[in-house]
Amino acid sequence: MDEPLCCCEYVDRRGERNHLAACCCDCEDLDEGCERWLTCRSLPPGALGRIADTVADRLRVPWFAGAVKINVSLVPPLVLLPVFLHVAALHFLLGLVILTSLPVVVLWYYYLTHRRKERTLFFLSLGLFSLGYMYYLFLQEVVPRGHVGFSQVVTLTCGLILMLAALSRAKKDPGYLPIPASSDKSSYQDLPKSVRGSCNGLHGVTTSGPASSRAVNGEAKGYSRMTAEELEGVKKDWCAKCQLVRPARAGHCRLCGRCVRRLDHHCVWINSCVGEQNHQAFILALSFFMLTSVYGITLTLHTICRGRTPFVALFYCPGAYSDYSSALSFTCVWYCAIVTAGMGYILVIQLLNISYNVTEREARLALRDNTGRRLLGGLVIDTGQYNRGFLCNWGHFLSMGSSPPQHSAEDIV
């Protein structure tokens, strides 16, 4: 029996026991890379990736049952955000350059990870750390000035707690479809040739309950009774990755690698999908964030720009750079305003989609297939497929997840 790990020991990606003190030892790729850099020679193909994997594997912190690995994408926001905000508070022009560049860098990184189909904790880390750091600076720089009352601090704190509670709920199961067990998968050889050829190996189709008439249940006769329309439906709803027939409005997320009921989109800010089970919590978290952020911005501007309305003070606050504390608070206000504007746009699109009973995924598919109508200047795409009117659409949304999903044949049409 192996000895237990001490707080500074860990098992590396090769399965070998290692120690934090040896984090810079026995790294041939890193040694070779440094040598080639000093001699101005190019790195061999794949060397940079191997170095990055080694560094990521050795980036750990001591813990009781062994050193715990730190996700590299968590670190940049914790280091760069305070540095950028404090530098931006030094001068108006520095603030203008940094606050203009930050959204550009975040969008660039988003498209980079989206193109590579990679999951990252960078955006979740940035969002949570921004909330905590803005709240800390509010208590440290704004409250001591004496213009913010105790009840206002309590209100802001309650809004932050409610937002985090809704975010925690939104991080839970979005409505993943269960992955079929191997015993439930049917034989590929039993399927009709037309299904085998057109569905790229349609085997192991699994559904639950009475839906077996639309799915392969181990008997070839299940397909022999299908009409041409039903067969086309199976082809359309079949997920080759999860080996199942998806219910209506479900979709496969390439980042999570799972099929989700009523998939709306994969949100990088919560590092999870938004689906049937967590869509309400997602909207609630966005709403609480908007209210709390606008309230915090208003309190801060009333404190550092006395005698001016918040909107006017946001663009004209003569004494903002009179001292470093005011400059830092004003810089953070603009940072919060930029983030709030972005989240506000997401919330507006979500509310419009709910009003027309359409998901982000369905809107993208409708644009691709040219089957939807652009409304309100292109802010919403109406597919017309599930739209039953404003009140009915909102009633359907508010009742989602209140009862277990029914696995009937109609669900898979």
# chains A, B, ... in the order shown; residues from 1 in each chain; ligands from 1
>>> select_by_dssp(residues="range 51-185 of chain A", states="strand (DSSP E or B)", output="PyMOL selection string")
chain A and resi 60-61+68-69+176
>>> residues_around(residues="range 369-382 of chain A", least_positions_apart="2", cutoff="12 Å", atoms="only C-alpha atoms", output="ChimeraX atom specification")
/A:345-367,384-389
>>> closest_atom_pairs(of="range 282-362 of chain A", to="range 164-174 of chain A", cutoff="12 Å", atoms="only C-alpha atoms", output="tab-separated table")
residue	atom	partner	partner_atom	distance
A:Phe282	CA	A:Ala170	CA	5.2
A:Ile283	CA	A:Ala166	CA	8.7
A:Leu284	CA	A:Ala166	CA	6.2
A:Ala285	CA	A:Ala166	CA	4.9
A:Leu286	CA	A:Leu167	CA	8.5
A:Ser287	CA	A:Ala166	CA	9.7
A:Phe288	CA	A:Ala166	CA	8.3
A:Phe289	CA	A:Leu164	CA	8.8
A:Thr292	CA	A:Leu164	CA	11.2
>>> atom_distance(atom1="CA of Gly66 in chain A", atom2="CA of Glu3 in chain A")
11.5 Å
>>> closest_residue(among="A:Ala21, A:Ile304, A:Ile161, A:Ala320", to="Val61 in chain A", atoms="only C-alpha atoms")
A:Ala21
>>> residues_around(residues="Thr155 in chain A", least_positions_apart="6", cutoff="12 Å", atoms="only C-alpha atoms", output="list of chain:residue names")
A:Val148, A:Gly149, A:Ile161, A:Leu162, A:Phe288, A:Leu291, A:Thr292, A:Ser293, A:Tyr295, A:Gly296, A:Leu299
>>> closest_residue(among="A:Gly159, A:Gly175, A:Gly395, A:Pro318", to="Val260 in chain A", atoms="only C-alpha atoms")
A:Gly175
>>> residues_around(residues="Gly319 in chain A", least_positions_apart="2", cutoff="12 Å", atoms="only C-alpha atoms", output="NGL selection string")
:A and (92 or 301 or 303-308 or 313-314 or 316-317 or 321-327 or 329-330)
>>> select_by_dssp(residues="range 47-109 of chain A", states="alpha helix (DSSP H)", output="PyMOL selection string")
chain A and resi 47-58+75-88+92-109
>>> residues_around(residues="Glu32 in chain A", least_positions_apart="2", cutoff="12 Å", atoms="only C-alpha atoms", output="PyMOL selection string")
chain A and resi 26-30+34-44+47-48+50-51
>>> write_last_selection(atoms="N, CA and C atoms", output="PDB file, in the first residue's frame")
ATOM      1  N   ASP A  26      13.899  18.375 -13.912  1.00  0.00           N
ATOM      2  CA  ASP A  26      13.517  17.300 -14.832  1.00  0.00           C
ATOM      3  C   ASP A  26      12.475  17.732 -15.843  1.00  0.00           C
ATOM      4  N   CYS A  27      12.684  18.878 -16.430  1.00  0.00           N
ATOM      5  CA  CYS A  27      11.798  19.347 -17.507  1.00  0.00           C
ATOM      6  C   CYS A  27      12.645  19.541 -18.759  1.00  0.00           C
ATOM      7  N   GLU A  28      12.789  18.462 -19.511  1.00  0.00           N
ATOM      8  CA  GLU A  28      13.668  18.489 -20.675  1.00  0.00           C
ATOM      9  C   GLU A  28      13.179  19.473 -21.730  1.00  0.00           C
ATOM     10  N   ASP A  29      11.853  19.536 -21.925  1.00  0.00           N
ATOM     11  CA  ASP A  29      11.317  20.441 -22.942  1.00  0.00           C
ATOM     12  C   ASP A  29      11.603  21.894 -22.576  1.00  0.00           C
ATOM     13  N   LEU A  30      11.448  22.238 -21.288  1.00  0.00           N
ATOM     14  CA  LEU A  30      11.718  23.609 -20.869  1.00  0.00           C
ATOM     15  C   LEU A  30      13.202  23.932 -20.973  1.00  0.00           C
ATOM     16  N   CYS A  34      14.685  26.880 -23.389  1.00  0.00           N
ATOM     17  CA  CYS A  34      15.544  27.974 -22.935  1.00  0.00           C
ATOM     18  C   CYS A  34      16.870  27.997 -23.708  1.00  0.00           C
ATOM     19  N   GLU A  35      17.411  26.816 -23.969  1.00  0.00           N
ATOM     20  CA  GLU A  35      18.666  26.735 -24.698  1.00  0.00           C
ATOM     21  C   GLU A  35      18.510  27.258 -26.126  1.00  0.00           C
ATOM     22  N   ARG A  36      17.415  26.873 -26.778  1.00  0.00           N
ATOM     23  CA  ARG A  36      17.192  27.336 -28.149  1.00  0.00           C
ATOM     24  C   ARG A  36      16.918  28.839 -28.174  1.00  0.00           C
ATOM     25  N   TRP A  37      16.228  29.353 -27.108  1.00  0.00           N
ATOM     26  CA  TRP A  37      15.954  30.784 -27.071  1.00  0.00           C
ATOM     27  C   TRP A  37      17.254  31.579 -26.906  1.00  0.00           C
ATOM     28  N   LEU A  38      18.164  31.070 -26.065  1.00  0.00           N
ATOM     29  CA  LEU A  38      19.434  31.765 -25.844  1.00  0.00           C
ATOM     30  C   LEU A  38      20.318  31.719 -27.082  1.00  0.00           C
ATOM     31  N   THR A  39      20.179  30.649 -27.866  1.00  0.00           N
ATOM     32  CA  THR A  39      20.999  30.517 -29.081  1.00  0.00           C
ATOM     33  C   THR A  39      20.251  30.959 -30.337  1.00  0.00           C
ATOM     34  N   CYS A  40      19.075  31.602 -30.121  1.00  0.00           N
ATOM     35  CA  CYS A  40      18.288  32.166 -31.241  1.00  0.00           C
ATOM     36  C   CYS A  40      17.879  31.103 -32.255  1.00  0.00           C
ATOM     37  N   ARG A  41      17.548  29.936 -31.779  1.00  0.00           N
ATOM     38  CA  ARG A  41      17.044  28.882 -32.663  1.00  0.00           C
ATOM     39  C   ARG A  41      15.564  28.664 -32.407  1.00  0.00           C
ATOM     40  N   SER A  42      14.850  28.216 -33.431  1.00  0.00           N
ATOM     41  CA  SER A  42      13.408  28.012 -33.302  1.00  0.00           C
ATOM     42  C   SER A  42      13.115  26.714 -32.543  1.00  0.00           C
ATOM     43  N   LEU A  43      11.941  26.679 -31.904  1.00  0.00           N
ATOM     44  CA  LEU A  43      11.529  25.494 -31.160  1.00  0.00           C
ATOM     45  C   LEU A  43      11.022  24.411 -32.098  1.00  0.00           C
ATOM     46  N   PRO A  44      11.237  23.155 -31.769  1.00  0.00           N
ATOM     47  CA  PRO A  44      10.695  22.082 -32.608  1.00  0.00           C
ATOM     48  C   PRO A  44       9.181  22.056 -32.511  1.00  0.00           C
ATOM     49  N   ALA A  47       6.773  21.594 -29.148  1.00  0.00           N
ATOM     50  CA  ALA A  47       7.546  21.806 -27.915  1.00  0.00           C
ATOM     51  C   ALA A  47       6.851  22.808 -26.996  1.00  0.00           C
ATOM     52  N   LEU A  48       6.291  23.876 -27.582  1.00  0.00           N
ATOM     53  CA  LEU A  48       5.628  24.894 -26.769  1.00  0.00           C
ATOM     54  C   LEU A  48       4.410  24.321 -26.049  1.00  0.00           C
ATOM     55  N   ARG A  50       4.002  21.158 -25.150  1.00  0.00           N
ATOM     56  CA  ARG A  50       4.476  20.271 -24.083  1.00  0.00           C
ATOM     57  C   ARG A  50       4.972  21.066 -22.873  1.00  0.00           C
ATOM     58  N   ILE A  51       5.623  22.205 -23.139  1.00  0.00           N
ATOM     59  CA  ILE A  51       6.069  23.058 -22.032  1.00  0.00           C
ATOM     60  C   ILE A  51       4.873  23.599 -21.257  1.00  0.00           C
TER      61      ILE A  51
END
>>> residues_around(residues="Phe123 in chain A", least_positions_apart="5", cutoff="8 Å", atoms="only C-alpha atoms", output="ChimeraX atom specification")
/A:268-271
>>> write_last_selection(atoms="N, CA, C and O atoms", output="PDB file, in the first residue's frame")
ATOM      1  N   VAL A 268     -20.083  31.365 -21.199  1.00  0.00           N
ATOM      2  CA  VAL A 268     -18.716  31.312 -20.683  1.00  0.00           C
ATOM      3  C   VAL A 268     -18.609  31.962 -19.310  1.00  0.00           C
ATOM      4  O   VAL A 268     -17.692  31.652 -18.540  1.00  0.00           O
ATOM      5  N   TRP A 269     -19.559  32.847 -18.969  1.00  0.00           N
ATOM      6  CA  TRP A 269     -19.490  33.546 -17.686  1.00  0.00           C
ATOM      7  C   TRP A 269     -19.843  32.637 -16.521  1.00  0.00           C
ATOM      8  O   TRP A 269     -19.484  32.931 -15.380  1.00  0.00           O
ATOM      9  N   ILE A 270     -20.580  31.556 -16.771  1.00  0.00           N
ATOM     10  CA  ILE A 270     -20.841  30.583 -15.709  1.00  0.00           C
ATOM     11  C   ILE A 270     -20.175  29.245 -16.023  1.00  0.00           C
ATOM     12  O   ILE A 270     -20.314  28.296 -15.260  1.00  0.00           O
ATOM     13  N   ASN A 271     -19.473  29.185 -17.157  1.00  0.00           N
ATOM     14  CA  ASN A 271     -18.761  27.974 -17.580  1.00  0.00           C
ATOM     15  C   ASN A 271     -19.693  26.771 -17.599  1.00  0.00           C
ATOM     16  O   ASN A 271     -19.345  25.679 -17.152  1.00  0.00           O
TER      17      ASN A 271
END
